[in-house]
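Visitor: Handing you this structure, nothing more for now.
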Amino acid sequence: MSSSTTRKPGENASPSPSPSPNPNPPEESGSSIKRIKITKSSEDPDKKKVVVTSAGKRLKDVEISVPIVYGTIAFYLGRKASESQSHKWTVYVRGATNEDLGVVVKRVVFQLHPSFNNPTRVIENPPFELSECGWGEFEIAISLFFHTDACDKQLDLYHHLKLYPEEESGPQSTKKPVVVESYDEVVFPDPSEAFFARVQNHPAVNVPRLPPGLNLPTPVPTETVNERERGDTKDHALNQWFMNFSEADELLKLAAARQQVQAHIIKLRRQLSVMDGMHQLPKQASAYE
Amino acid sequence: MDAKDILGLPKNQIPIPQEKKSRLPKDSQRKSDGISREVYALTGGLAPLMPAIDVSQLKKRPPSDEKITWQWLPFSSSARKDDLQLFHWVRVVNGVPPKGDYAFAKYNKSVDIIKYTDEEYNKCLTDPGWTKGETDQLFELCEKFDLRFIVIADRFPSSHTVEELKDRYYSVSRALVAARATSSGDAAGHPLVKGPYNMQHEVERKRALSMVLSQTKQQERKDIEVLAEAKRIIESRIAAKAAGETELRVTGTADPGHSEKALGSGDLIVPGSLSGAAAPPIPITDYASTLTSLKLLRVYLRTYALDQMVQAVSSSAGLRTIKRIEQTLKELGVNLKPKVPTKAVCAEHLELRKEILTLLNLQKQLQYKEAEGTSIDDSLYMEAMGAPKRTPHGDQDRAFMAEPVAFGGDRPVKKDHKRKGSAGQSPLQSKRPRKMKAPDL
């Protein structure tokens, strides 16, 4: 059984019983994934990890998640500002670790305010972003379309475009933009084997460790012609403004809060048990007289 | 019928006023005369089983053949020993004023205080702590103030406590009764003889009473707890003894071991049953159905999934409870919607919400129990009486029996539950420097 958690794609870390060219247990990237109990699927027919559906074989009780960040960055144009165009802003969807989302997302459609011409903007290639100039704040509808092996349904997000900063500290700076980002994760429950096989080694995607012996089909790369050079945002022009989302802080806070609450629950339970014992006292009191 | 009226249907328009007319006389017949309809309705529209007021008398007018006048006349009262002439309004019937003593003179009662002669005093009433003069004064004051010892103690020239005065008075009276009795039988029947005044006992009693009265909430709870523990120990000892006895019959060995087991299991059962009762089982069907519905989606956002799960968990709670959960989360410094909703964070968040729900339910239970238990204060006083030589509570170090803390917010609580900021809370509750966060979408 392989115990290494980081490995380069394409390398066989441990010998697999079957002679398939499949790379072995995939690497885990990012947030904690529960270890799946190793049960030999061949021995126990009830615990099949694979379910055959019309969409091809699906991996049951497995989820693939893609952490994304979406939001807007808006710059005040300063001297170049006009009445109708005071800000230049960019709306985007990026991988939370700035990896290329193109492995999962086929295209993104940004629906802008009707006052823009062609308010429906389709971005076919990563990085999925759109820049515009304007003066008004409004809600942008972001629709994610995925590759067919991932999901044939679209996923909608909504983001409010913010141009003006919270504190009104005098005239706006052209250097410091107004940044609003939201972290979320796109979850694919019970993904198809093909999809799993294709993305399992990609840094943008979180895949769980599968039990060994599960044979996945050979991954078929998606046919995408990327006009842009690269789909990731690691060296993006705006990446100095990208926010860092770390789950550690939140986890700590949650753990501390849970401890507090649990301690109180214990206290209250004790109090209640005392009261229960107490309620029978008046009958006993007469025995003392 | 009224509905039809509202709808504006034309039929039955003529019969309706007729109905009203027929209803009215029936109503007035049913109520008893003498009371207006509204007053009658206050009793629920039914005549009481036993009429408290003689209704026929209410509207009676005085017989018209008598002539009534009211006059301002002087009167004398047998209760007064002086000649003070007082006046009052008198109802004069046909020119004849009412006779007899002042109506309230009969209420002028006084206590029957036994007076002693000097010989009697010297014979059997001498006491080292009391001079004759003091005793005389005491008796004078007793008569003057009708045995109101608090006043007497106040007026008494030399300082004696109320109990001392009472003691002297009652022992003197008792001795007098005993001395004057013709036979022992007479004396025994006298209440003074039958129930002797026990000064020690009285002092103790009053001390215990004041202690109970001045107990703080803390001490009260500690006392309850100690008593409950004692009771439990006694019960478990009895149970253990019974168990031990049966065990002895079967096997002659390991008696203390068995009794300990009985004690242990007894202890375990109580909190176990409580936890089962206290935490309402979160409907598992809701949870599972949410999971399946999520799976059917083929793709969803983690935040959406969390929302669905939170709803499933809170489905058993009302809107107010949900608000309280959110209030608690805020007080704990936790974001209502996690800023970094990874799988782990969402799982923790959900668990935290569940635990807060449990906590709030427990607090509610505790409230109800406390409301029931206010009558237990009386039994507490009886406890104090039964064991006046109780040692002061040795359980100051019971750390867990602390102040009741309510994280939740603004419900009207009877006892003084402290809101956040209670002493001794963990330092984590203090505000942390907040990260710059994007506004919630």
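Residues in the structure tokens are numbered from 1 in each chain, the chains being A, B, ... in the order shown, and ligands are numbered from 1 in the order shown.
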Would you write out, as CSV, a table of all residues in chain A that have an atom no more than 7 Å from an atom of chain B, listing for each the closest atom pair and the distance in Å to one decimal, considering only C-alpha atoms and ordering rows by chain and rising residue number?

Guide:
```
residue,atom,partner,partner_atom,distance
A:Ser32,CA,B:Ala344,CA,6.7
A:Cys151,CA,B:Arg298,CA,6.4
A:Leu155,CA,B:Tyr300,CA,7.0
A:His159,CA,B:Leu441,CA,6.9
A:Val180,CA,B:Ala438,CA,5.4
A:Glu181,CA,B:Ala438,CA,6.3
A:Tyr183,CA,B:Val340,CA,5.8
A:Asp184,CA,B:Pro341,CA,6.0
A:Glu185,CA,B:Arg302,CA,5.1
A:Val186,CA,B:Leu301,CA,4.7
A:Val187,CA,B:Tyr300,CA,5.4
A:Phe188,CA,B:Val299,CA,4.8
A:Pro189,CA,B:Lys295,CA,5.6
A:Phe245,CA,B:Val340,CA,6.1
A:Ser246,CA,B:Val340,CA,6.7
A:Glu247,CA,B:Val340,CA,5.6
A:Glu250,CA,B:Val345,CA,7.0
A:Leu251,CA,B:Val345,CA,5.8
A:Lys253,CA,B:Val334,CA,6.7
A:Leu254,CA,B:Glu348,CA,6.5
A:Ala257,CA,B:Leu332,CA,6.0
A:Arg258,CA,B:Leu352,CA,5.5
A:Val261,CA,B:Ile356,CA,6.5
A:Ile265,CA,B:Leu359,CA,5.5
A:Lys267,CA,B:Phe400,CA,6.3
A:Leu268,CA,B:Leu362,CA,6.6
A:Leu272,CA,B:Leu366,CA,6.1
A:Ser273,CA,B:Pro271,CA,6.5
A:Val274,CA,B:Glu225,CA,5.9
A:Gly277,CA,B:Ala228,CA,5.4
A:Met278,CA,B:Ala228,CA,5.4
A:Pro282,CA,B:Ser379,CA,5.5
A:Ala285,CA,B:Glu383,CA,6.5
A:Tyr288,CA,B:Gly386,CA,6.0
A:Glu289,CA,B:Gly386,CA,6.4
```

Visitor: At a cut-off of 9 Å, using only C-alpha atoms, what residues contact B:Tyr169? Leave out same-chain residues fewer than 6 positions from it and give the result as an NGL selection string.

Guide: :B and (135 or 138-139 or 142)

Visitor: Go ahead and dump the residues you just picked, N, CA and C atoms, as a PDB file, in the first residue's frame.

Guide:
```pdb
ATOM      1  N   THR B 135     -38.077  42.053  86.314  1.00  0.00           N
ATOM      2  CA  THR B 135     -39.214  41.177  86.023  1.00  0.00           C
ATOM      3  C   THR B 135     -40.518  41.952  86.076  1.00  0.00           C
ATOM      4  N   LEU B 138     -40.770  43.950  83.031  1.00  0.00           N
ATOM      5  CA  LEU B 138     -41.092  43.071  81.906  1.00  0.00           C
ATOM      6  C   LEU B 138     -42.581  42.809  81.835  1.00  0.00           C
ATOM      7  N   PHE B 139     -43.120  42.480  82.980  1.00  0.00           N
ATOM      8  CA  PHE B 139     -44.548  42.153  82.976  1.00  0.00           C
ATOM      9  C   PHE B 139     -45.407  43.352  82.656  1.00  0.00           C
ATOM     10  N   CYS B 142     -45.194  43.750  79.031  1.00  0.00           N
ATOM     11  CA  CYS B 142     -45.950  42.695  78.354  1.00  0.00           C
ATOM     12  C   CYS B 142     -47.427  43.021  78.313  1.00  0.00           C
TER      13      CYS B 142
END
```

Visitor: Env of B:Val177: 9 Å cut, atoms = only C-alpha atoms, seq-sep filter 5 positions within chain, self excluded. Answer as a count of residues only.

Guide: 6

Visitor: Which of stretch 19-265 of chain A counts as alpha helix (DSSP H) under DSSP, as a ChimeraX atom specification please?

Guide: /A:193-199,247-265

Visitor: Okay, now the selection with N, CA and C atoms, as a short mmCIF file (atom, residue, chain, number, x, y, z; two decimals), in the first residue's frame?

Guide:
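Writing done, so here's result23.cif:
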```cif
data_model
loop_
_atom_site.label_atom_id
_atom_site.label_comp_id
_atom_site.auth_asym_id
_atom_site.auth_seq_id
_atom_site.Cartn_x
_atom_site.Cartn_y
_atom_site.Cartn_z
N GLU A 193 -16.50 7.51 -13.85
CA GLU A 193 -15.12 6.99 -13.81
C GLU A 193 -14.23 7.75 -14.76
N ALA A 194 -14.78 8.04 -15.93
CA ALA A 194 -13.97 8.72 -16.94
C ALA A 194 -13.52 10.08 -16.43
N PHE A 195 -14.44 10.80 -15.87
CA PHE A 195 -14.12 12.12 -15.34
C PHE A 195 -13.06 12.00 -14.25
N PHE A 196 -13.29 11.06 -13.35
CA PHE A 196 -12.35 10.86 -12.25
C PHE A 196 -10.96 10.57 -12.79
N ALA A 197 -10.91 9.65 -13.74
CA ALA A 197 -9.61 9.28 -14.28
C ALA A 197 -8.92 10.46 -14.93
N ARG A 198 -9.71 11.28 -15.57
CA ARG A 198 -9.12 12.40 -16.31
C ARG A 198 -8.53 13.44 -15.37
N VAL A 199 -9.23 13.71 -14.26
CA VAL A 199 -8.81 14.85 -13.43
C VAL A 199 -8.03 14.45 -12.19
N GLU A 247 -8.22 27.72 5.39
CA GLU A 247 -9.25 27.11 6.24
C GLU A 247 -8.77 26.91 7.67
N ALA A 248 -7.47 27.03 7.88
CA ALA A 248 -6.92 26.72 9.21
C ALA A 248 -7.51 27.62 10.28
N ASP A 249 -7.56 28.93 9.97
CA ASP A 249 -8.07 29.87 10.96
C ASP A 249 -9.51 29.54 11.32
N GLU A 250 -10.30 29.31 10.29
CA GLU A 250 -11.71 29.01 10.53
C GLU A 250 -11.86 27.72 11.32
N LEU A 251 -11.08 26.73 10.94
CA LEU A 251 -11.16 25.44 11.65
C LEU A 251 -10.83 25.62 13.13
N LEU A 252 -9.80 26.42 13.39
CA LEU A 252 -9.42 26.67 14.78
C LEU A 252 -10.56 27.29 15.56
N LYS A 253 -11.13 28.33 14.96
CA LYS A 253 -12.23 29.01 15.63
C LYS A 253 -13.38 28.06 15.89
N LEU A 254 -13.70 27.27 14.90
CA LEU A 254 -14.81 26.34 15.05
C LEU A 254 -14.52 25.32 16.13
N ALA A 255 -13.29 24.81 16.13
CA ALA A 255 -12.95 23.81 17.14
C ALA A 255 -13.06 24.40 18.54
N ALA A 256 -12.55 25.63 18.69
CA ALA A 256 -12.63 26.28 20.00
C ALA A 256 -14.09 26.48 20.42
N ALA A 257 -14.90 26.94 19.46
CA ALA A 257 -16.31 27.17 19.77
C ALA A 257 -16.99 25.87 20.18
N ARG A 258 -16.68 24.82 19.47
CA ARG A 258 -17.31 23.54 19.78
C ARG A 258 -16.93 23.09 21.18
N GLN A 259 -15.68 23.29 21.53
CA GLN A 259 -15.25 22.91 22.88
C GLN A 259 -16.05 23.64 23.94
N GLN A 260 -16.19 24.95 23.74
CA GLN A 260 -16.94 25.76 24.70
C GLN A 260 -18.36 25.23 24.85
N VAL A 261 -18.99 25.01 23.71
CA VAL A 261 -20.38 24.57 23.75
C VAL A 261 -20.49 23.21 24.42
N GLN A 262 -19.56 22.34 24.09
CA GLN A 262 -19.61 21.00 24.69
C GLN A 262 -19.45 21.08 26.20
N ALA A 263 -18.55 21.96 26.66
CA ALA A 263 -18.35 22.11 28.10
C ALA A 263 -19.65 22.58 28.76
N HIS A 264 -20.31 23.51 28.13
CA HIS A 264 -21.56 24.01 28.70
C HIS A 264 -22.64 22.95 28.73
N ILE A 265 -22.66 22.14 27.68
CA ILE A 265 -23.66 21.08 27.65
C ILE A 265 -23.45 20.15 28.84
#
```

Visitor: Atom CA of A:Arg58 and atom CA of A:Pro191, how far apart in Å?

Guide: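 Result for atom CA of A:Pro191 versus atom CA of A:Arg58: 5.5 Å, one decimal.
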
Visitor: Between atom CA of B:Leu84 and atom CA of B:Tyr102, what is the spacing in Å?

Guide: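 About the pair atom CA of B:Tyr102 and atom CA of B:Leu84: they are 13.4 Å apart.
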
Visitor: Report as an NGL selection string all protein, DNA and RNA residues lying within 7 Å of A:Phe138, evaluated on only C-alpha atoms, omitting residues in the same chain fewer than 2 positions from it.

Guide: :A and (113 or 136 or 140 or 160-161)

Visitor: Can you tell me how far atom CA of B:Leu147 sits from atom CA of B:Arg174, in Å to one decimal?

Guide: 15.1 Å

Visitor: So that I can check the surroundings of A:Lys88, please list as a VMD selection string every protein, DNA and RNA residue that reaches within 12 Å of it, counting only C-alpha atoms and ignoring chain neighbours fewer than 2 positions away.

Guide: chain A and resid 72 to 78 80 to 82 84 to 86 90 to 91 130 to 137 161 to 164 174 to 175 177 to 178

Visitor: Write out as a PyMOL selection string the residues lying within 12 Å of A:Gly231, counting only C-alpha atoms and excluding same-chain residues fewer than 5 positions away.

Guide: chain A and resi 93-95+98-107+123-129+204+224-226+236

Visitor: Residues of the last selection are to be written out with C-alpha atoms, as a PDB file, in the first residue's frame.

Guide:
```
ATOM      1  CA  VAL A  93     -13.620  32.840 -11.684  1.00  0.00           C
ATOM      2  CA  ARG A  94     -10.282  31.349 -10.742  1.00  0.00           C
ATOM      3  CA  GLY A  95      -8.992  28.278  -8.997  1.00  0.00           C
ATOM      4  CA  ASN A  98      -4.660  29.730  -8.977  1.00  0.00           C
ATOM      5  CA  GLU A  99      -4.585  26.521 -10.949  1.00  0.00           C
ATOM      6  CA  ASP A 100      -6.153  26.112 -14.332  1.00  0.00           C
ATOM      7  CA  LEU A 101      -9.881  25.536 -14.098  1.00  0.00           C
ATOM      8  CA  GLY A 102     -10.112  24.534 -17.711  1.00  0.00           C
ATOM      9  CA  VAL A 103      -9.731  20.923 -16.761  1.00  0.00           C
ATOM     10  CA  VAL A 104     -13.223  20.973 -15.347  1.00  0.00           C
ATOM     11  CA  VAL A 105     -14.908  24.086 -16.661  1.00  0.00           C
ATOM     12  CA  LYS A 106     -15.659  24.249 -20.316  1.00  0.00           C
ATOM     13  CA  ARG A 107     -16.919  27.818 -20.449  1.00  0.00           C
ATOM     14  CA  ILE A 123     -15.698  33.145 -22.116  1.00  0.00           C
ATOM     15  CA  GLU A 124     -14.649  29.947 -23.779  1.00  0.00           C
ATOM     16  CA  ASN A 125     -11.195  29.544 -22.348  1.00  0.00           C
ATOM     17  CA  PRO A 126      -9.476  29.891 -19.037  1.00  0.00           C
ATOM     18  CA  PRO A 127      -8.625  32.141 -17.316  1.00  0.00           C
ATOM     19  CA  PHE A 128     -12.344  32.844 -17.110  1.00  0.00           C
ATOM     20  CA  GLU A 129     -12.516  36.555 -16.725  1.00  0.00           C
ATOM     21  CA  ALA A 204      -6.924  22.280  -9.461  1.00  0.00           C
ATOM     22  CA  THR A 224      -9.951  22.159 -26.035  1.00  0.00           C
ATOM     23  CA  VAL A 225      -8.197  24.668 -28.153  1.00  0.00           C
ATOM     24  CA  ASN A 226      -6.941  27.309 -25.833  1.00  0.00           C
ATOM     25  CA  HIS A 236      -1.970  36.909 -13.507  1.00  0.00           C
TER      26      HIS A 236
END
```

Visitor: Output as a PyMOL selection string all residues of stretch 83-326 of chain B that backbone DSSP marks as strand (DSSP E or B).

Guide: chain B and resi 86-93+96+127+130+300-301

Visitor: Emit the selected residues as a CSV table (one decimal), in the first residue's frame, including N, CA and C atoms.

Guide:
```csv
chain,number,residue,atom,x,y,z
B,86,LEU,N,-66.4,61.3,71.8
B,86,LEU,CA,-66.2,61.4,70.4
B,86,LEU,C,-67.6,61.4,69.7
B,87,PHE,N,-67.5,61.9,68.4
B,87,PHE,CA,-68.7,62.0,67.6
B,87,PHE,C,-68.6,61.2,66.4
B,88,HIS,N,-69.8,60.8,65.9
B,88,HIS,CA,-69.8,60.1,64.6
B,88,HIS,C,-71.2,60.2,64.0
B,89,TRP,N,-71.4,59.9,62.7
B,89,TRP,CA,-72.6,59.9,62.0
B,89,TRP,C,-73.4,58.6,62.5
B,90,VAL,N,-74.7,58.9,62.8
B,90,VAL,CA,-75.5,57.8,63.2
B,90,VAL,C,-76.8,57.7,62.4
B,91,ARG,N,-77.1,56.5,62.0
B,91,ARG,CA,-78.3,56.3,61.2
B,91,ARG,C,-79.5,56.3,62.1
B,92,VAL,N,-80.4,57.3,62.1
B,92,VAL,CA,-81.5,57.4,63.0
B,92,VAL,C,-82.8,57.0,62.3
B,93,VAL,N,-83.4,56.1,62.8
B,93,VAL,CA,-84.7,55.5,62.2
B,93,VAL,C,-85.9,56.1,63.0
B,96,VAL,N,-85.3,57.7,66.3
B,96,VAL,CA,-84.8,56.9,67.5
B,96,VAL,C,-83.4,56.5,67.2
B,127,ASP,N,-34.7,34.3,90.1
B,127,ASP,CA,-33.8,33.8,89.0
B,127,ASP,C,-32.5,34.6,89.1
B,130,TRP,N,-32.2,37.6,86.7
B,130,TRP,CA,-33.2,38.7,86.7
B,130,TRP,C,-33.5,39.2,88.1
B,300,TYR,N,-23.1,20.8,-7.4
B,300,TYR,CA,-23.6,21.8,-6.5
B,300,TYR,C,-22.5,22.5,-5.9
B,301,LEU,N,-22.8,23.6,-5.3
B,301,LEU,CA,-21.8,24.4,-4.6
B,301,LEU,C,-21.7,24.0,-3.1
```

Visitor: From the set A:Val108, A:Val179, A:Leu157, A:Met243, which residue has the shortest atom-to-atom contact distance to A:Phe145, counting only C-alpha atoms?

Guide: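 The shortest atom-to-atom distance to A:Phe145 comes from A:Val108.
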
Visitor: Residues within 7 Å of A:Ile142, please, as a ChimeraX atom specification. Count only C-alpha atoms; anything in the same chain fewer than 4 positions from it doesn't count.

Guide: /A:108-111,156-158

Visitor: For those residues, write N, CA, C and O atoms to a file as a PDB file, in the first residue's frame.

Guide:
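Dumped to result03.pdb:
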```pdb
ATOM      1  N   VAL A 108     -17.524  29.812 -19.288  1.00  0.00           N
ATOM      2  CA  VAL A 108     -18.221  30.595 -18.269  1.00  0.00           C
ATOM      3  C   VAL A 108     -18.976  31.699 -18.975  1.00  0.00           C
ATOM      4  O   VAL A 108     -18.446  32.361 -19.874  1.00  0.00           O
ATOM      5  N   VAL A 109     -20.198  31.903 -18.565  1.00  0.00           N
ATOM      6  CA  VAL A 109     -21.015  32.968 -19.143  1.00  0.00           C
ATOM      7  C   VAL A 109     -21.285  33.999 -18.063  1.00  0.00           C
ATOM      8  O   VAL A 109     -21.804  33.672 -16.993  1.00  0.00           O
ATOM      9  N   PHE A 110     -20.882  35.227 -18.327  1.00  0.00           N
ATOM     10  CA  PHE A 110     -21.144  36.325 -17.400  1.00  0.00           C
ATOM     11  C   PHE A 110     -22.327  37.119 -17.927  1.00  0.00           C
ATOM     12  O   PHE A 110     -22.285  37.631 -19.051  1.00  0.00           O
ATOM     13  N   GLN A 111     -23.350  37.242 -17.106  1.00  0.00           N
ATOM     14  CA  GLN A 111     -24.518  38.026 -17.504  1.00  0.00           C
ATOM     15  C   GLN A 111     -24.438  39.385 -16.824  1.00  0.00           C
ATOM     16  O   GLN A 111     -24.502  39.483 -15.591  1.00  0.00           O
ATOM     17  N   ASP A 156     -24.867  28.074 -11.346  1.00  0.00           N
ATOM     18  CA  ASP A 156     -24.973  29.531 -11.348  1.00  0.00           C
ATOM     19  C   ASP A 156     -24.448  30.129 -10.051  1.00  0.00           C
ATOM     20  O   ASP A 156     -24.770  29.656  -8.966  1.00  0.00           O
ATOM     21  N   LEU A 157     -23.668  31.177 -10.225  1.00  0.00           N
ATOM     22  CA  LEU A 157     -23.198  31.945  -9.069  1.00  0.00           C
ATOM     23  C   LEU A 157     -23.644  33.381  -9.261  1.00  0.00           C
ATOM     24  O   LEU A 157     -23.858  33.817 -10.395  1.00  0.00           O
ATOM     25  N   TYR A 158     -23.704  34.111  -8.143  1.00  0.00           N
ATOM     26  CA  TYR A 158     -24.088  35.513  -8.236  1.00  0.00           C
ATOM     27  C   TYR A 158     -23.096  36.353  -7.447  1.00  0.00           C
ATOM     28  O   TYR A 158     -22.694  35.976  -6.346  1.00  0.00           O
TER      29      TYR A 158
END
```
